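Report on the structure given below.
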Amino acid sequence: MICHPNAKINLGLNVTERRPDGYHNLETVFYPIPLCDTLQFSTDAGTDSHRPEGIFPNGIPVQEHSTEDYTFRSGGIDIDCPPEQNLLIKGLRLIREHYALPHLYISLHKQIPSGAGLGGGSSDAAHTMKSLNQMFNLGLSDNELEERVTGLGADCPFFVRNRPVFATGIGNIFTPIGLSLSGWHLVLVKPDIFVSTKEAYARISPRRPETPITDIIRRPVEEWKDLLTNDFEEGVFALHPEIADIKARLYDREAAYASMSGSGSSVFGLFRTVPEETDMRRLFPGSFYFQALL
């Protein structure tokens, strides 16, 4: 079985209050985008489709990690944790707590950068549980999958249904919204900069916004620039002016709206007309670059 775990972007992000448990309440919109990893599951190590050349582009290094329960192969963008700490392996363990599964051969071609505010690891975990549910006919409903994957991260349940939502709480309470960016062109840039989520929150002064995000997103995208804000930007931009510069360059190239996603370090722009990709890439040397029609 092959699936394609996708990334998400945040449209607006307001940190509204600090909770007694030390976490923060926030409000944001999660929106799925077509930047995807490739994830494959098999019970047979010898199938042609599962061999590294089956899903990995020719010539890329592939690492392998084996245990009694699984064999995990990964290639592509570096993963910033040991295999046993990978969220998709944690998702596998959650399923194994209640269901007997055979030894699994798992391959991951990583194409969503880590530490970018894009939810790549969370998506891998959710899609792992969804795929195993389908592959072994476990009969878990979407509600049950959401409940089980919640413990792996606040945004993990979003990727079960994979539709635009207004997220509140710590980013784990979802309300579906009727928002479509179909026809808009997305440009996504992730510099080679790591932004610590803990450090980003330390520079936040929680406050409630004057205008709710749910009101702003009903307005035309062209009006979002001065209304739809990400509270993390001020502190992160002060620490990393290079990230602020990416946002400014996207606006210079006539983005209708540009923002950092989550606590960074990726920045995206929405364009009404398709940007010239070669020209755009030259603006961001050394950065991860992705462009797509939504």
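Quick note on naming: the chains in the structure tokens go A, B, ... in the order shown, residues restart at 1 in each chain, and ligands are numbered from 1 in order of appearance.
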Excluding Leu132 of chain A and any residue of its chain fewer than 5 positions from it, enumerate the residues within 10 Å of it, using only C-alpha atoms, and give them as an mmCIF file with C-alpha atoms, in the first residue's frame.
```cif
data_model
loop_
_atom_site.group_PDB
_atom_site.id
_atom_site.type_symbol
_atom_site.label_atom_id
_atom_site.label_comp_id
_atom_site.auth_asym_id
_atom_site.auth_seq_id
_atom_site.Cartn_x
_atom_site.Cartn_y
_atom_site.Cartn_z
ATOM 1 C CA MET A 1 0.000 0.000 0.000
ATOM 2 C CA PHE A 41 3.676 -0.453 3.682
ATOM 3 C CA GLY A 91 1.577 5.658 15.255
ATOM 4 C CA LEU A 92 2.406 2.055 14.362
ATOM 5 C CA ILE A 95 -2.143 0.370 16.453
ATOM 6 C CA LEU A 101 -0.024 -7.135 12.969
ATOM 7 C CA HIS A 127 -1.498 8.490 7.392
ATOM 8 C CA ASN A 137 -9.548 -3.974 7.735
ATOM 9 C CA LEU A 138 -9.449 -2.849 11.364
ATOM 10 C CA LEU A 140 -11.703 2.151 12.930
#
```
Please identify all polymer residues within 12 Å of segment 68-78 of chain A, counting only C-alpha atoms, omitting same-chain residues fewer than 6 positions from it, and present them as a PyMOL selection string. chain A and resi 36-45+50-62+84+86+88-90+92-93+95-96+100-115+120+288
Given the selection you just returned, output its residues as a file containing N, CA and C atoms, formatted as a tab-separated table (two decimals), in the first residue's frame.
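See again_9.tsv below for the written result:
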```
chain	number	residue	atom	x	y	z
A	36	CYS	N	3.89	16.64	-0.50
A	36	CYS	CA	3.66	15.32	0.10
A	36	CYS	C	4.94	14.50	0.27
A	37	ASP	N	4.95	13.69	1.33
A	37	ASP	CA	5.88	12.58	1.44
A	37	ASP	C	5.28	11.39	0.68
A	38	THR	N	6.08	10.35	0.48
A	38	THR	CA	5.56	9.08	-0.05
A	38	THR	C	5.84	8.00	0.98
A	39	LEU	N	4.81	7.26	1.33
A	39	LEU	CA	4.89	6.28	2.41
A	39	LEU	C	4.33	4.96	1.91
A	40	GLN	N	5.10	3.88	2.11
A	40	GLN	CA	4.69	2.57	1.61
A	40	GLN	C	4.75	1.52	2.71
A	41	PHE	N	3.75	0.64	2.71
A	41	PHE	CA	3.68	-0.45	3.68
A	41	PHE	C	3.56	-1.77	2.94
A	42	SER	N	4.27	-2.78	3.45
A	42	SER	CA	4.22	-4.10	2.85
A	42	SER	C	4.47	-5.14	3.93
A	43	THR	N	3.95	-6.34	3.72
A	43	THR	CA	4.26	-7.45	4.63
A	43	THR	C	5.29	-8.38	4.02
A	44	ASP	N	5.78	-8.03	2.84
A	44	ASP	CA	6.71	-8.89	2.10
A	44	ASP	C	7.93	-8.08	1.71
A	45	ALA	N	9.10	-8.45	2.23
A	45	ALA	CA	10.32	-7.71	1.95
A	45	ALA	C	10.79	-7.91	0.51
A	50	HIS	N	8.41	-2.96	-3.17
A	50	HIS	CA	8.92	-2.47	-1.89
A	50	HIS	C	10.43	-2.23	-1.89
A	51	ARG	N	11.15	-2.79	-2.84
A	51	ARG	CA	12.58	-2.55	-2.86
A	51	ARG	C	12.85	-1.06	-2.96
A	52	PRO	N	13.96	-0.57	-2.39
A	52	PRO	CA	14.21	0.87	-2.37
A	52	PRO	C	14.02	1.55	-3.71
A	53	GLU	N	14.42	0.88	-4.79
A	53	GLU	CA	14.28	1.53	-6.09
A	53	GLU	C	12.81	1.67	-6.49
A	54	GLY	N	11.91	0.99	-5.76
A	54	GLY	CA	10.50	1.05	-6.10
A	54	GLY	C	9.86	2.39	-5.81
A	55	ILE	N	10.23	3.06	-4.72
A	55	ILE	CA	9.62	4.36	-4.40
A	55	ILE	C	10.64	5.49	-4.29
A	56	PHE	N	11.91	5.15	-4.17
A	56	PHE	CA	12.93	6.19	-4.02
A	56	PHE	C	13.53	6.54	-5.39
A	57	PRO	N	13.74	7.82	-5.65
A	57	PRO	CA	14.42	8.19	-6.90
A	57	PRO	C	15.80	7.56	-6.98
A	58	ASN	N	16.24	7.27	-8.18
A	58	ASN	CA	17.54	6.63	-8.36
A	58	ASN	C	18.66	7.47	-7.75
A	59	GLY	N	19.53	6.80	-7.03
A	59	GLY	CA	20.75	7.44	-6.55
A	59	GLY	C	20.67	8.09	-5.18
A	60	ILE	N	19.46	8.17	-4.57
A	60	ILE	CA	19.42	8.81	-3.25
A	60	ILE	C	19.77	7.78	-2.18
A	61	PRO	N	20.50	8.19	-1.14
A	61	PRO	CA	20.83	7.27	-0.05
A	61	PRO	C	19.58	6.82	0.69
A	62	VAL	N	19.56	5.54	1.05
A	62	VAL	CA	18.43	4.98	1.80
A	62	VAL	C	18.97	4.34	3.07
A	84	GLU	N	13.18	5.18	15.95
A	84	GLU	CA	12.20	4.77	16.96
A	84	GLU	C	11.42	5.94	17.55
A	86	ASN	N	10.44	8.48	15.52
A	86	ASN	CA	9.66	9.04	14.42
A	86	ASN	C	8.16	8.89	14.73
A	88	LEU	N	5.66	8.42	12.85
A	88	LEU	CA	4.94	7.34	12.16
A	88	LEU	C	5.17	6.00	12.85
A	89	ILE	N	6.37	5.79	13.42
A	89	ILE	CA	6.62	4.57	14.19
A	89	ILE	C	5.80	4.58	15.48
A	90	LYS	N	5.66	5.74	16.07
A	90	LYS	CA	4.80	5.85	17.27
A	90	LYS	C	3.34	5.55	16.90
A	92	LEU	N	2.43	3.51	14.51
A	92	LEU	CA	2.41	2.05	14.36
A	92	LEU	C	2.25	1.38	15.72
A	93	ARG	N	2.99	1.88	16.73
A	93	ARG	CA	2.89	1.28	18.06
A	93	ARG	C	1.49	1.43	18.65
A	95	ILE	N	-1.30	1.40	17.06
A	95	ILE	CA	-2.14	0.37	16.45
A	95	ILE	C	-1.82	-1.00	17.04
A	96	ARG	N	-0.53	-1.28	17.22
A	96	ARG	CA	-0.13	-2.59	17.73
A	96	ARG	C	-0.57	-2.82	19.18
A	100	ALA	N	-3.06	-7.27	16.48
A	100	ALA	CA	-1.89	-8.08	16.13
A	100	ALA	C	-1.60	-7.89	14.64
A	101	LEU	N	-0.43	-7.36	14.35
A	101	LEU	CA	-0.02	-7.14	12.97
A	101	LEU	C	1.24	-7.94	12.68
A	102	PRO	N	1.42	-8.37	11.44
A	102	PRO	CA	2.67	-9.06	11.07
A	102	PRO	C	3.83	-8.07	11.02
A	103	HIS	N	5.03	-8.61	10.83
A	103	HIS	CA	6.19	-7.75	10.61
A	103	HIS	C	5.93	-6.88	9.38
A	104	LEU	N	6.15	-5.58	9.52
A	104	LEU	CA	5.86	-4.65	8.44
A	104	LEU	C	7.14	-4.07	7.87
A	105	TYR	N	7.14	-3.88	6.56
A	105	TYR	CA	8.23	-3.21	5.86
A	105	TYR	C	7.70	-1.84	5.44
A	106	ILE	N	8.31	-0.80	5.97
A	106	ILE	CA	7.83	0.57	5.78
A	106	ILE	C	8.91	1.37	5.08
A	107	SER	N	8.52	2.04	4.01
A	107	SER	CA	9.45	2.92	3.29
A	107	SER	C	8.90	4.34	3.29
A	108	LEU	N	9.76	5.31	3.58
A	108	LEU	CA	9.36	6.71	3.61
A	108	LEU	C	10.31	7.53	2.75
A	109	HIS	N	9.76	8.12	1.69
A	109	HIS	CA	10.52	9.10	0.91
A	109	HIS	C	10.11	10.47	1.44
A	110	LYS	N	11.01	11.09	2.20
A	110	LYS	CA	10.69	12.33	2.91
A	110	LYS	C	10.89	13.53	1.99
A	111	GLN	N	9.82	14.28	1.77
A	111	GLN	CA	9.89	15.46	0.90
A	111	GLN	C	9.36	16.72	1.59
A	112	ILE	N	8.72	16.56	2.76
A	112	ILE	CA	8.27	17.71	3.55
A	112	ILE	C	9.36	18.03	4.56
A	113	PRO	N	9.92	19.23	4.53
A	113	PRO	CA	11.00	19.54	5.48
A	113	PRO	C	10.51	19.56	6.92
A	114	SER	N	11.39	19.16	7.83
A	114	SER	CA	11.08	19.17	9.25
A	114	SER	C	11.33	20.54	9.85
A	115	GLY	N	10.72	20.80	11.00
A	115	GLY	CA	10.94	22.07	11.68
A	115	GLY	C	10.53	23.26	10.85
A	120	GLY	N	4.65	17.91	8.79
A	120	GLY	CA	5.02	16.71	8.03
A	120	GLY	C	5.06	15.45	8.87
A	288	PHE	N	14.83	25.49	0.74
A	288	PHE	CA	13.86	24.56	0.16
A	288	PHE	C	12.79	25.38	-0.54
```
For Lys130 of chain A, work out the shell of residues within 8 Å, counting only C-alpha atoms and skipping chain neighbours fewer than 4 positions away, then give it as a PyMOL selection string. chain A and resi 126+134+145+160
Could those selected residues go to a file with N, CA, C and O atoms, as an mmCIF file, in the first residue's frame?
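This went into out_35.cif:
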```
data_model
loop_
_atom_site.group_PDB
_atom_site.id
_atom_site.type_symbol
_atom_site.label_atom_id
_atom_site.label_comp_id
_atom_site.auth_asym_id
_atom_site.auth_seq_id
_atom_site.Cartn_x
_atom_site.Cartn_y
_atom_site.Cartn_z
ATOM 1 N N ALA A 126 -0.482 10.224 11.106
ATOM 2 C CA ALA A 126 -1.907 10.035 10.841
ATOM 3 C C ALA A 126 -2.133 9.124 9.637
ATOM 4 O O ALA A 126 -3.011 8.249 9.656
ATOM 5 N N GLN A 134 -6.907 0.610 6.895
ATOM 6 C CA GLN A 134 -7.442 0.139 5.618
ATOM 7 C C GLN A 134 -6.801 -1.181 5.197
ATOM 8 O O GLN A 134 -7.491 -2.110 4.749
ATOM 9 N N LEU A 145 -9.886 7.107 14.907
ATOM 10 C CA LEU A 145 -8.512 7.400 14.483
ATOM 11 C C LEU A 145 -8.055 8.736 15.067
ATOM 12 O O LEU A 145 -6.922 8.861 15.534
ATOM 13 N N VAL A 160 -6.353 13.252 9.572
ATOM 14 C CA VAL A 160 -7.251 12.117 9.373
ATOM 15 C C VAL A 160 -8.290 12.448 8.311
ATOM 16 O O VAL A 160 -8.509 11.697 7.361
#
```
DSSP-assigned helix (DSSP H, G or I) among segment 89-208 of chain A, expressed as a PyMOL selection string: chain A and resi 89-96+120-135+142-152+158-161+197-202
For Glu242 of chain A, find every residue with an atom within 12 Å (counting only C-alpha atoms), except residues of its own chain fewer than 2 positions away, and show them as a PyMOL selection string. chain A and resi 189-194+233+236-240+244-249+260+264-267+284-287
Out of segment 16-225 of chain A, which residues get strand (DSSP E) from DSSP, as a VMD selection string? chain A and resid 16 to 18 24 to 36 38 to 42 62 to 66 70 to 76 104 to 110 165 to 168 173 to 176 185 to 190
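Taking atom CA of Leu293 of chain A and atom CA of Leu181 of chain A as the two end points, the separation is 9.3 Å.
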